There are 2 protein chains.
Amino acid sequence: MARVAGGLWQNLIAVQVYGANTGVGKTVVSTLLGRHFTRRRGKTRWNVSYIKPVSTGPSDEADERYVRRYAGHPVSTLFKYSEPVSPHIAARDGKFVPNNEVLVQRLFGKLKANARACAMSRGEMGFTLVETAGGVLSPGPSGTPQADIFRPMRMPVILVGDHRLGGIASTISACESLLIRGYDVDAVVCFDDGGKYENSKYLKGHFETMGISCFELPWIPDMEKCTEDEEIGLMKTYYDDESRAGPTFNLAGRIIDQHSQRLKDMKSMAPRTKNVIWHPFTQHKSIEKADDILVFDSAYGDYFQAKHTSNSIQSVEQKAESPLLFPAFDGSASWWTQGLGHGNPQLALAAAYAAGRYGHVMFAGATHEPALTLAERLLKGLENPRLTKVFYTDDGSTAVEVGIKMALRASCKRYDWDGSTEDVGILGLKGSYHGDTIGAMDASEPCVYNKKVDWYRGRGYWFDFPTVKMSQGRWTVEPPAVLKEDFGPSEYFEELDDVFDLGTRGHSPRYEQYIERVLDSLVKEQGRKFGALVMEPVILGAGGMLFVDPLFQQSLVRVVRRYNFASTSNTLEDENTWSGLPVVFDEVFTGLYRLGRFSAASFLQVHPDISIHAKLLTGGLLPLSATLASDSIFQAFWGDEKSDALLHGHSYTAHPIGCHVANTSLDQMQALSRGGLWRQYQKSWTTKATETSRGGPLAIHTDGSRAWSMWSKNTVMRLSHHPRVDSVIALGSVLAVSLVDKSGSGYTSTAAAGLRDSLLNDVAEDKVRVHSRVLGNVLYLMASMKTKPSHLTAVEDALLEKLGKA
Amino acid sequence: MARVAGGLWQNLIAVQVYGANTGVGKTVVSTLLGRHFTRRRGKTRWNVSYIKPVSTGPSDEADERYVRRYAGHPVSTLFKYSEPVSPHIAARDGKFVPNNEVLVQRLFGKLKANARACAMSRGEMGFTLVETAGGVLSPGPSGTPQADIFRPMRMPVILVGDHRLGGIASTISACESLLIRGYDVDAVVCFDDGGKYENSKYLKGHFETMGISCFELPWIPDMEKCTEDEEIGLMKTYYDDESRAGPTFNLAGRIIDQHSQRLKDMKSMAPRTKNVIWHPFTQHKSIEKADDILVFDSAYGDYFQAKHTSNSIQSVEQKAESPLLFPAFDGSASWWTQGLGHGNPQLALAAAYAAGRYGHVMFAGATHEPALTLAERLLKGLENPRLTKVFYTDDGSTAVEVGIKMALRASCKRYDWDGSTEDVGILGLKGSYHGDTIGAMDASEPCVYNKKVDWYRGRGYWFDFPTVKMSQGRWTVEPPAVLKEDFGPSEYFEELDDVFDLGTRGHSPRYEQYIERVLDSLVKEQGRKFGALVMEPVILGAGGMLFVDPLFQQSLVRVVRRYNFASTSNTLEDENTWSGLPVVFDEVFTGLYRLGRFSAASFLQVHPDISIHAKLLTGGLLPLSATLASDSIFQAFWGDEKSDALLHGHSYTAHPIGCHVANTSLDQMQALSRGGLWRQYQKSWTTKATETSRGGPLAIHTDGSRAWSMWSKNTVMRLSHHPRVDSVIALGSVLAVSLVDKSGSGYTSTAAAGLRDSLLNDVAEDKVRVHSRVLGNVLYLMASMKTKPSHLTAVEDALLEKLGKA
């Protein structure tokens with residue numbers, strides 16, 4: 001899809017005219033509007049033009065002449081085909097077929113030129129009609145429905161209704177298709193057939209209850225028995241009269257009003273937001289002026305449509321022709337959620353289908369198809385023989401609370417501890433973060449996020465661990481500073497994949513002895529009790545994109561599973577029963593293809609007893625989470641008393657919309673994971689596929705894939721050599737750059753903030769602008785599961801440029 | 001909307017045939033299918049019939065003859081109009097216009113008769129085609145789009161595509177309109193035009209990527225120059241050949257396969273669910289067999305479509321003709337969420353629009369229109385001058401966590417307490433419940449929900465309180481047993497509204513003295529610290545639908561606001577600054593029209609400092625919540641350090657879909673609150689509007705409305721006299737019946753379970769079946785905001801009948 005700005009200019013109104021079907025009078029409406037604006041009285045002079053992006057057949061040529069004759073303003077057609085059929089057919093057989101991106105960029109260029117022309121002539125406003133071909137979803141030359149092709153610019157729509165028998169249905173359906181794609185329909189227009197089918201009357205009533213203005217235009221003169229000259233005369237009169245009369249005047253007024261309202265909203269949204277919104281994770285004192293708040297008009301694919309602010313550097317000349325919006329690459333994947341692109345029409349339709357079939361239906365003691373299908377799909381996809389049950393909640397934090405409740409109950413029950421009076425903590429890793437509700441917070445060590453939360457009580461012990469990073473062109477496994485003596489010097493690996501080659505790396509006596517020593521001190525010496533091991537596998541997200549040595553996490557699980565945490569014997573009923581402590585993997589960030597695989601646990605070759613999923617679960621549309629558990633966990637809640645049960649359940653538990661969207665998303669992501677795009681990325685990371693750094697055989701992973709990233713190996717290498725860069729990691733869709741920070745202040749570091757700001761604000765128009773997030777001195781970037789290489793290359797180039805030449 | 005069963009029978013396949021437009025060949029498809037099934041070879045004999053619910057114009061009469069002639073099976077038309085226009089026009093001018101309910105019931109009756117006929121003749125399967133008129137959204141006689149009229153039965157759809165120029169667009173749009181309404185499209189069919197527009201080819205590709213089968217049917221013979229006899233001959237040959245040939249055969253096979261799959265799913269869903277789903281708030285040991293799990297096929301309006309189980313008592317004869325599904329009134333409003341009916345097409349479209357415009361966009365440091373509009377709307381609607389800021393989270397529990405974090409920080413900061421080391425609790429009411437995450441749990445007193453949650457630590461003090469109930473025909477304010485001495489005897493009120501007439505009731509010295517005494521003991525004597533007052537205004541939901549005396553809640557707020565909780569002086573900067581302790585109202589259950597008003601706080605005439613909303617916020621579609629706070633709360637997080645901020649924020653914070661659906665829902669609910677339906681309900685509760693029990697003037701409430709309920713005053717009265725009923729409450733859409741329970745076991749009581757089961761299972765077909773939930777000995781019922789009186793009357797009748805004659 002095209003990286004292009006939204007179609008909103010200060011001094012140019014650009015609307016697209018769609019028809020509910022062919023033959024409904026789109027060109028008549030365009031001509032009426034064109035003529036109206038050409039002759040419109042008032043202070044404003046209007047510079048009117050008409051663009052037909054694609055025309056097919058001789059009748060379309062005639063349309064052009066027609067508009068020119070009756071409206072009297074310039075007409076331009078971007079792509080012409082002579083056959084009178086749908087553009088996707090007309091464009092075959094050796095003719096030039098513009099891809100969607102080329103078509104949109106060409107259209108954008110025309111509109112920009114119009115905006116520039118108006119800006120040059122003071123006091124003039126532009127009005128450009130973009131007339132589409134056929135119906136709303138008629139295929140363009142590439143075969144994509146045209147409403148999808150033009151979606152990146154999201155220009156307001158005038159929908160011309162169908163006045164014929166059946167036209168009520170086709171007009172409403174056409175409008176619904178536009179709305180599903182996130183368009184604003186400024187007006188529906190329908191010719192008044194003088195009382196035969198009365199479509200215009202019905203449509204007026206229908207659309208007005210939806211808040212969409214609807215206009216009845218007077219019938220086109222009957223010209224059946226006219227000569228050509230008579231016809232021209234009749235139509236001239238019609239346009240003369242009607243372009244000035246009530247309905248056209250009102251329609252034009254509506255278009256102008258909607259444009260003004262849009263400008264007004266764009267201007268007022270930041271200050272109004274500053275008044276009423278309390279932002280998440282935000283020190284409001286740092287929002288000095290309203291312009292510090294980014295205003296999103298919409299989003300499509302990988303890009304936000306954001307409002308230009310005074311923060312953005314723009315020349316006066318640029319301003320005149322520039323739209324008010326700019327596309328910004330969504331570099332945090334909207335807080336790690338986005339996987340299938342913003343404004344994805346399939347996901348929108350999936351959400352609507354489930355809403356239409358169910359709304360929400362209560363889930364206690366009941367079931368429905370989307371929730372059941374999703375549960376079965378997750379259990380299958382995780383390929384973890386331990387997991388048998390799925391519990392739904394609303395977000396990562398609630399899913400972690402459930403996971404902790406499950407694990408603690410299981411261990412307290414087996415070890416006969418009274419959790420309500422005894423302190424039973426969890427084991428985890430330093431820098432871990434599991435969510436913002438108190439229970440999830442309590443599972444993390446004290447840190448900046450929780451230190452001023454009055455009810456926070458860190459309950460557990462968090463291990464130091466060795467990290468993986470690329471530094472100076474080498475993949476390095478580096479022990480934490482405090483454990484240099486225990487773990488020895490850093491290890492180096494030629495390929496990222498070698499780090500994950502746990503078969504070759506073998507068990508680590510150093511890691512295991514260290515972990516046992518710590519546990520002995522905690523459990524045997526201090527008498528502390530622990531009820532679960534809770535970890536984010538592979539990468540700790542909020543803690544600063546810390547890439548943990550997978551061998552250490554594997555070792556930790558191995559030791560915990562054989563360790564005696566209580567005097568009660570630790571016997572196994574079968575290999576899927578938990579031992580030592582229940583192992584809980586928080587895959588909220590790392591799971592479901594974020595790191596290139598269905599499950600991040602597979603990198604560790606570990607089967608957790610509880611597995612937690614959210615974020616990408618719905619492909620980036622809405623909140624839903626799942627906590628999966630083994631049968632030996634489930635059994636801990638089996639009993640005669642209701643109070644023995646897991647008495648947890650949010651009102652919208654397993655809401656059908658979320659579950660159905662999740663099924664649709666997982667379908668799409670699974671297809672992508674096997675498709676050509678991913679193979680292309682994977683190939684670029686396995687150039688040395690025939691040898692490993694140790695000369696041994698290739699590592700075989702659960703899902704058969706080697707570790708790889710959507711970010712280019714070459715860029716990762718270059719970044720790692722950059723003097724401002726301390727180290728870099730890349731895996732799946734994630735890239736994280738740790739900047740040299742002499743203050744050493746961690747989360748409160750401002751080392752990366754300048755880079756973040758320059759990526760967003762200080763870019764020439766032909767360069768990509770990037771919205772990114774930082775965690776202290778770490779700037780990270782994330783792609784969706786379907787981002788194309790050309791877009792990532794542009795982002796990488798911007799990043800390297802902003803970092804400065806090495 | 002009609003209370004009717006879903007259109008799924010064991011031995012009858014009922015499909016509805018929709019056209020993408022008029023003139024696309026619906027009748028040809030119906031005839032091909034009819035003829036195919038009439039002559040289909042194989043073990044099964046097919047009993048084929050054809051129903052046209054509405055026909056208009058002579059050509060439709062011709063259609064009937066046509067089907068009869070070529071397909072050879074019975075044809076029945078339910079409503080005929082002679083004009084060849086849309087049914088909503090044809091049905092005017094004194095002709096009989098069936099309302100939607102009558103139309104659907106008539107159609108259902110026909111289908112049931114067909115099912116009975118098949119059941120009577122062993123081994124026969126029924127195949128009934130229901131051919132609609134015009135396009136998918138063409139208006140029916142009542143003016144409602146027919147896809148909405150027939151939605152309650154949700155029969156599978158065969159969509160006939162448009163083979164003409166523009167037909168690709170209209171076919172896809174028509175299909176999208178069906179999906180938005182929750183229909184399953186079993187097949188799209190399109191005539192192959194022999195290579196002119198190639199619509200069928202394109203559509204096949206398009207729909208197959210969506211998982212919808214698409215069939216190309218051979219072109220209808222050219223009959224332009226034929227005599228009538230020749231024409232008949234040609235068509236006979238066409239139908240003879242084509243009804244047996246590949247495409248029709250495959251289409252029929254698809255229809256049969258989809259039907260079998262539906263039956264299989266219906267059968268397998270409960271056992272599969274038992275295997276993989278961990279239900280919320282459920283003791284799984286109590287699910288003895290899979291049939292104990294309710295299987296929901298879908299839902300519409302106030303009704304679930306649930307699968308019949310062996311739990312339902314049905315005679316063999318009933319079984320033969322009954323569909324596999326039955327409509328069950330959603331008596332818990334799907335855990336108190338549902339407000340605008342299941343499968344609401346406007347909400348589905350709103351969800352799709354926001355998904356299409358944004359997907360999800362990150363909200364830290366950014367803004368978008370739906371979230372901003374919703375914030376402004378909530379602040380306006382609550383009419384609470386203290387509230388200035390809105391913080392979004394995902395559900396009631398997370399919103400409460402945020403409310404508590406806000407309140408505690410504000411009080412700890414002002415009183416200079418160190419919340420991380422000192423125990424700072426909250427004040428609340430006994431029996432309160434605020435959610436399932438640990439922080440929200442900690443704000444509730446120990447109870448069955450939390451007693452086995454290992455990390456639960458009740459942090460606070462919870463007051464006993466007087467309750468409101470109707471008992472023996474009188475509204476009673478009853479002191480708790482332990483406080484009979486403090487509070488004196490019960491008070492009686494003639495009208496519910498009098499209980500809320502706090503102006504007339506005046507301040508209560510007894511209440512206030514008691515509260516002060518308790519606080520003195522806690523704070524002055526025991527030295528305990530409290531950081532917030534947290535309450536559900538008016539009704540405590542999960543605690544058992546406890547209706548608190550509003551005067552007591554008002555008194556509690558008054559005392560807390562003037563009490564000295566710390567040595568620090570309690571000075572007010574202005575009247576909107578919190579004093580004493582921040583007052584937090586949890587309106588998750590009681591707010592946003594559940595009790596008949598925008599805010600439940602207005603019943604208490606109290607302005608809380610923090611107000612929490614969820615559930616009805618999205619009209620019952622998906623999770624979203626909001627915590628609103630005053631500026632004096634907001635200021636507690638203002639500082640130079642990031643760590644001073646409220647570091648809370650879920651990934652999907654302020655997700656545009658939720659916010660936009662919420663705006664649409666609030667629009668609809670606000671309109672309902674001013675509309676005729678609500679006035680009708682209100683009127684029935686204010687028959688004595690000119691006098692109060694005390695003879696004083698009418699109470700004037702913030703929003704001008706008196707206390708009322710959607711449940712009839714007369715039924716409430718009758719229930720209160722019933723020997724099995726201890727007491728009853730009704731307010732807004734809520735009715736709660738407390739049954740006499742000699743065991744006195746509270747939440748674990750089984751007194752109401754039998755009533756609940758008989759309401760669902762043991763009902764004759766013409767009576768309404770009700771899905772309800774119990775809380776110990778309390779059975780409660782809830783309507784949506786738009787439920788019509790006739791439906792509630794039926795539910796009330798069922799309730800009275802199941803309770804048994806008094």
# chains A, B, ... in the order shown; residues from 1 in each chain; ligands from 1
>>> select_by_dssp(residues="region 212-457 of chain B", states="alpha helix (DSSP H)", output="PyMOL selection string")
chain B and resi 228-242+246-276+316-321+333-336+345-357+369-382+396-415+438-442
>>> residues_around(residues="Tyr433 (chain A)", least_positions_apart="5", cutoff="7 Å", atoms="only C-alpha atoms", output="PyMOL selection string")
chain A and resi 444+542-543
>>> write_last_selection(atoms="N, CA and C atoms", output="mmCIF file, in the first residue's frame")
data_model
loop_
_atom_site.group_PDB
_atom_site.id
_atom_site.type_symbol
_atom_site.label_atom_id
_atom_site.label_comp_id
_atom_site.auth_asym_id
_atom_site.auth_seq_id
_atom_site.Cartn_x
_atom_site.Cartn_y
_atom_site.Cartn_z
ATOM 1 N N SER A 444 6.390 -8.248 39.540
ATOM 2 C CA SER A 444 7.607 -7.632 39.007
ATOM 3 C C SER A 444 8.415 -7.020 40.136
ATOM 4 N N ALA A 542 8.793 -4.364 28.238
ATOM 5 C CA ALA A 542 8.732 -3.069 28.915
ATOM 6 C C ALA A 542 9.991 -2.783 29.718
ATOM 7 N N GLY A 543 10.687 -3.838 30.115
ATOM 8 C CA GLY A 543 11.914 -3.661 30.879
ATOM 9 C C GLY A 543 13.044 -3.060 30.049
#
>>> closest_residue(among="B:Glu478, B:Glu536, B:Asp586, B:Asp184", to="chain A", atoms="only C-alpha atoms")
B:Asp184
>>> residues_around(residues="His206 (chain B)", least_positions_apart="2", cutoff="12 Å", atoms="only C-alpha atoms", output="list in words")
Leu137, Ser138, Pro139, Gly143, Thr144, Pro145 and Gln346 of chain A; Ile168, Ala169, Thr171, Ile172, Cys175, Val188, Asn199, Ser200, Lys201, Tyr202, Leu203, Lys204, Glu208, Thr209, Met210, Gly211, Ile212, Ser213, Cys214 and Phe215 of chain B
>>> atom_distance(atom1="CA of Ala115 (chain B)", atom2="CA of Ser322 (chain B)")
7.7 Å
>>> closest_residue(among="A:Gly675, A:Gly649, A:Gly527, A:Gly194", to="chain B", atoms="only C-alpha atoms")
A:Gly649
>>> closest_residue(among="B:Ala481, B:Met545, B:Leu556, B:Gly134", to="Gln513 (chain B)", atoms="only C-alpha atoms")
B:Leu556
>>> residues_around(residues="Gly6 (chain A)", least_positions_apart="6", cutoff="8 Å", atoms="only C-alpha atoms", output="list of chain:residue names")
A:Pro152, A:Met153, A:Arg154, A:Met155, A:Gln305, A:Pro323, A:Leu324, A:Leu325, A:Phe326, A:Pro327
>>> select_by_dssp(residues="region 294-463 of chain B", states="strand (DSSP E)", output="ChimeraX atom specification")
/B:294-300,303-307,325-330,366-368,387-393,424-429,460-463
>>> write_last_selection(atoms="N, CA and C atoms", output="compact mmCIF listing (two decimals), in the first residue's frame")
# COMPACT_ATOMS: atom_id res chain seq x y z
N LEU B 294 -24.58 -24.50 28.03
CA LEU B 294 -25.49 -23.93 27.04
C LEU B 294 -24.72 -23.58 25.77
N VAL B 295 -25.24 -24.00 24.64
CA VAL B 295 -24.61 -23.68 23.36
C VAL B 295 -25.40 -22.56 22.70
N PHE B 296 -24.75 -21.43 22.49
CA PHE B 296 -25.41 -20.30 21.83
C PHE B 296 -25.03 -20.29 20.35
N ASP B 297 -26.02 -20.41 19.51
CA ASP B 297 -25.77 -20.29 18.08
C ASP B 297 -25.55 -18.84 17.70
N SER B 298 -26.29 -17.96 18.35
CA SER B 298 -26.27 -16.54 18.01
C SER B 298 -27.19 -15.84 19.01
N ALA B 299 -27.43 -14.58 18.81
CA ALA B 299 -28.33 -13.84 19.67
C ALA B 299 -28.87 -12.65 18.89
N TYR B 300 -30.09 -12.25 19.26
CA TYR B 300 -30.68 -11.10 18.56
C TYR B 300 -31.66 -10.42 19.50
N TYR B 303 -32.81 -11.84 22.94
CA TYR B 303 -32.85 -13.30 23.00
C TYR B 303 -31.57 -13.97 22.51
N PHE B 304 -31.15 -14.97 23.26
CA PHE B 304 -30.16 -15.92 22.77
C PHE B 304 -30.85 -16.91 21.85
N GLN B 305 -30.13 -17.46 20.91
CA GLN B 305 -30.58 -18.67 20.22
C GLN B 305 -29.75 -19.80 20.79
N ALA B 306 -30.39 -20.60 21.63
CA ALA B 306 -29.66 -21.66 22.33
C ALA B 306 -30.07 -23.02 21.82
N LYS B 307 -29.17 -23.95 21.93
CA LYS B 307 -29.45 -25.32 21.48
C LYS B 307 -30.31 -26.04 22.51
N LEU B 325 -32.98 -25.01 17.83
CA LEU B 325 -32.66 -23.88 18.69
C LEU B 325 -33.92 -23.34 19.35
N PHE B 326 -33.74 -22.67 20.46
CA PHE B 326 -34.88 -21.97 21.05
C PHE B 326 -34.42 -20.59 21.50
N PRO B 327 -35.36 -19.63 21.45
CA PRO B 327 -34.99 -18.29 21.90
C PRO B 327 -35.10 -18.23 23.43
N ALA B 328 -34.06 -17.76 24.07
CA ALA B 328 -34.10 -17.61 25.53
C ALA B 328 -33.86 -16.15 25.87
N PHE B 329 -34.78 -15.58 26.61
CA PHE B 329 -34.62 -14.19 27.04
C PHE B 329 -33.32 -14.08 27.84
N ASP B 330 -32.49 -13.14 27.45
CA ASP B 330 -31.19 -12.95 28.12
C ASP B 330 -31.40 -12.17 29.41
N ALA B 366 -0.96 10.76 22.33
CA ALA B 366 -1.68 10.95 21.07
C ALA B 366 -3.18 11.01 21.34
N THR B 367 -3.92 11.37 20.31
CA THR B 367 -5.37 11.45 20.49
C THR B 367 -6.07 11.08 19.19
N HIS B 368 -7.33 10.72 19.31
CA HIS B 368 -8.15 10.48 18.13
C HIS B 368 -9.58 10.85 18.46
N LEU B 387 -15.53 16.58 38.14
CA LEU B 387 -14.78 15.73 37.21
C LEU B 387 -14.26 16.51 36.01
N THR B 388 -12.98 16.31 35.71
CA THR B 388 -12.39 17.04 34.59
C THR B 388 -11.58 16.16 33.64
N LYS B 389 -11.18 14.97 34.09
CA LYS B 389 -10.27 14.15 33.27
C LYS B 389 -10.78 12.72 33.12
N VAL B 390 -10.48 12.14 31.96
CA VAL B 390 -10.92 10.77 31.67
C VAL B 390 -9.71 9.88 31.37
N PHE B 391 -9.66 8.77 32.08
CA PHE B 391 -8.60 7.78 31.88
C PHE B 391 -9.26 6.49 31.40
N TYR B 392 -8.78 5.93 30.29
CA TYR B 392 -9.41 4.73 29.74
C TYR B 392 -8.66 3.46 30.13
N THR B 393 -9.43 2.42 30.43
CA THR B 393 -8.84 1.09 30.53
C THR B 393 -9.82 0.10 29.87
N VAL B 424 -2.35 1.41 54.07
CA VAL B 424 -3.40 2.40 53.82
C VAL B 424 -4.55 1.67 53.13
N GLY B 425 -5.66 1.62 53.81
CA GLY B 425 -6.79 0.86 53.28
C GLY B 425 -7.86 1.75 52.66
N ILE B 426 -8.96 1.15 52.34
CA ILE B 426 -10.09 1.93 51.84
C ILE B 426 -11.31 1.71 52.74
N LEU B 427 -12.22 2.63 52.66
CA LEU B 427 -13.52 2.47 53.33
C LEU B 427 -14.54 2.04 52.29
N GLY B 428 -15.42 1.14 52.70
CA GLY B 428 -16.45 0.71 51.75
C GLY B 428 -17.65 0.14 52.48
N LEU B 429 -18.45 -0.60 51.73
CA LEU B 429 -19.65 -1.21 52.31
C LEU B 429 -19.50 -2.72 52.31
N GLY B 460 -8.95 -2.69 54.20
CA GLY B 460 -9.90 -1.63 54.46
C GLY B 460 -10.89 -1.98 55.55
N TYR B 461 -11.92 -1.17 55.59
CA TYR B 461 -13.01 -1.42 56.54
C TYR B 461 -14.32 -1.25 55.77
N TRP B 462 -15.25 -2.18 56.02
CA TRP B 462 -16.50 -2.16 55.28
C TRP B 462 -17.68 -2.02 56.23
N PHE B 463 -18.47 -1.00 56.01
CA PHE B 463 -19.58 -0.67 56.90
C PHE B 463 -20.80 -1.57 56.68
>>> residues_around(residues="Pro723 (chain A)", least_positions_apart="5", cutoff="12 Å", atoms="only C-alpha atoms", output="PyMOL selection string")
chain A and resi 471-472+718+738-741+800+803-806
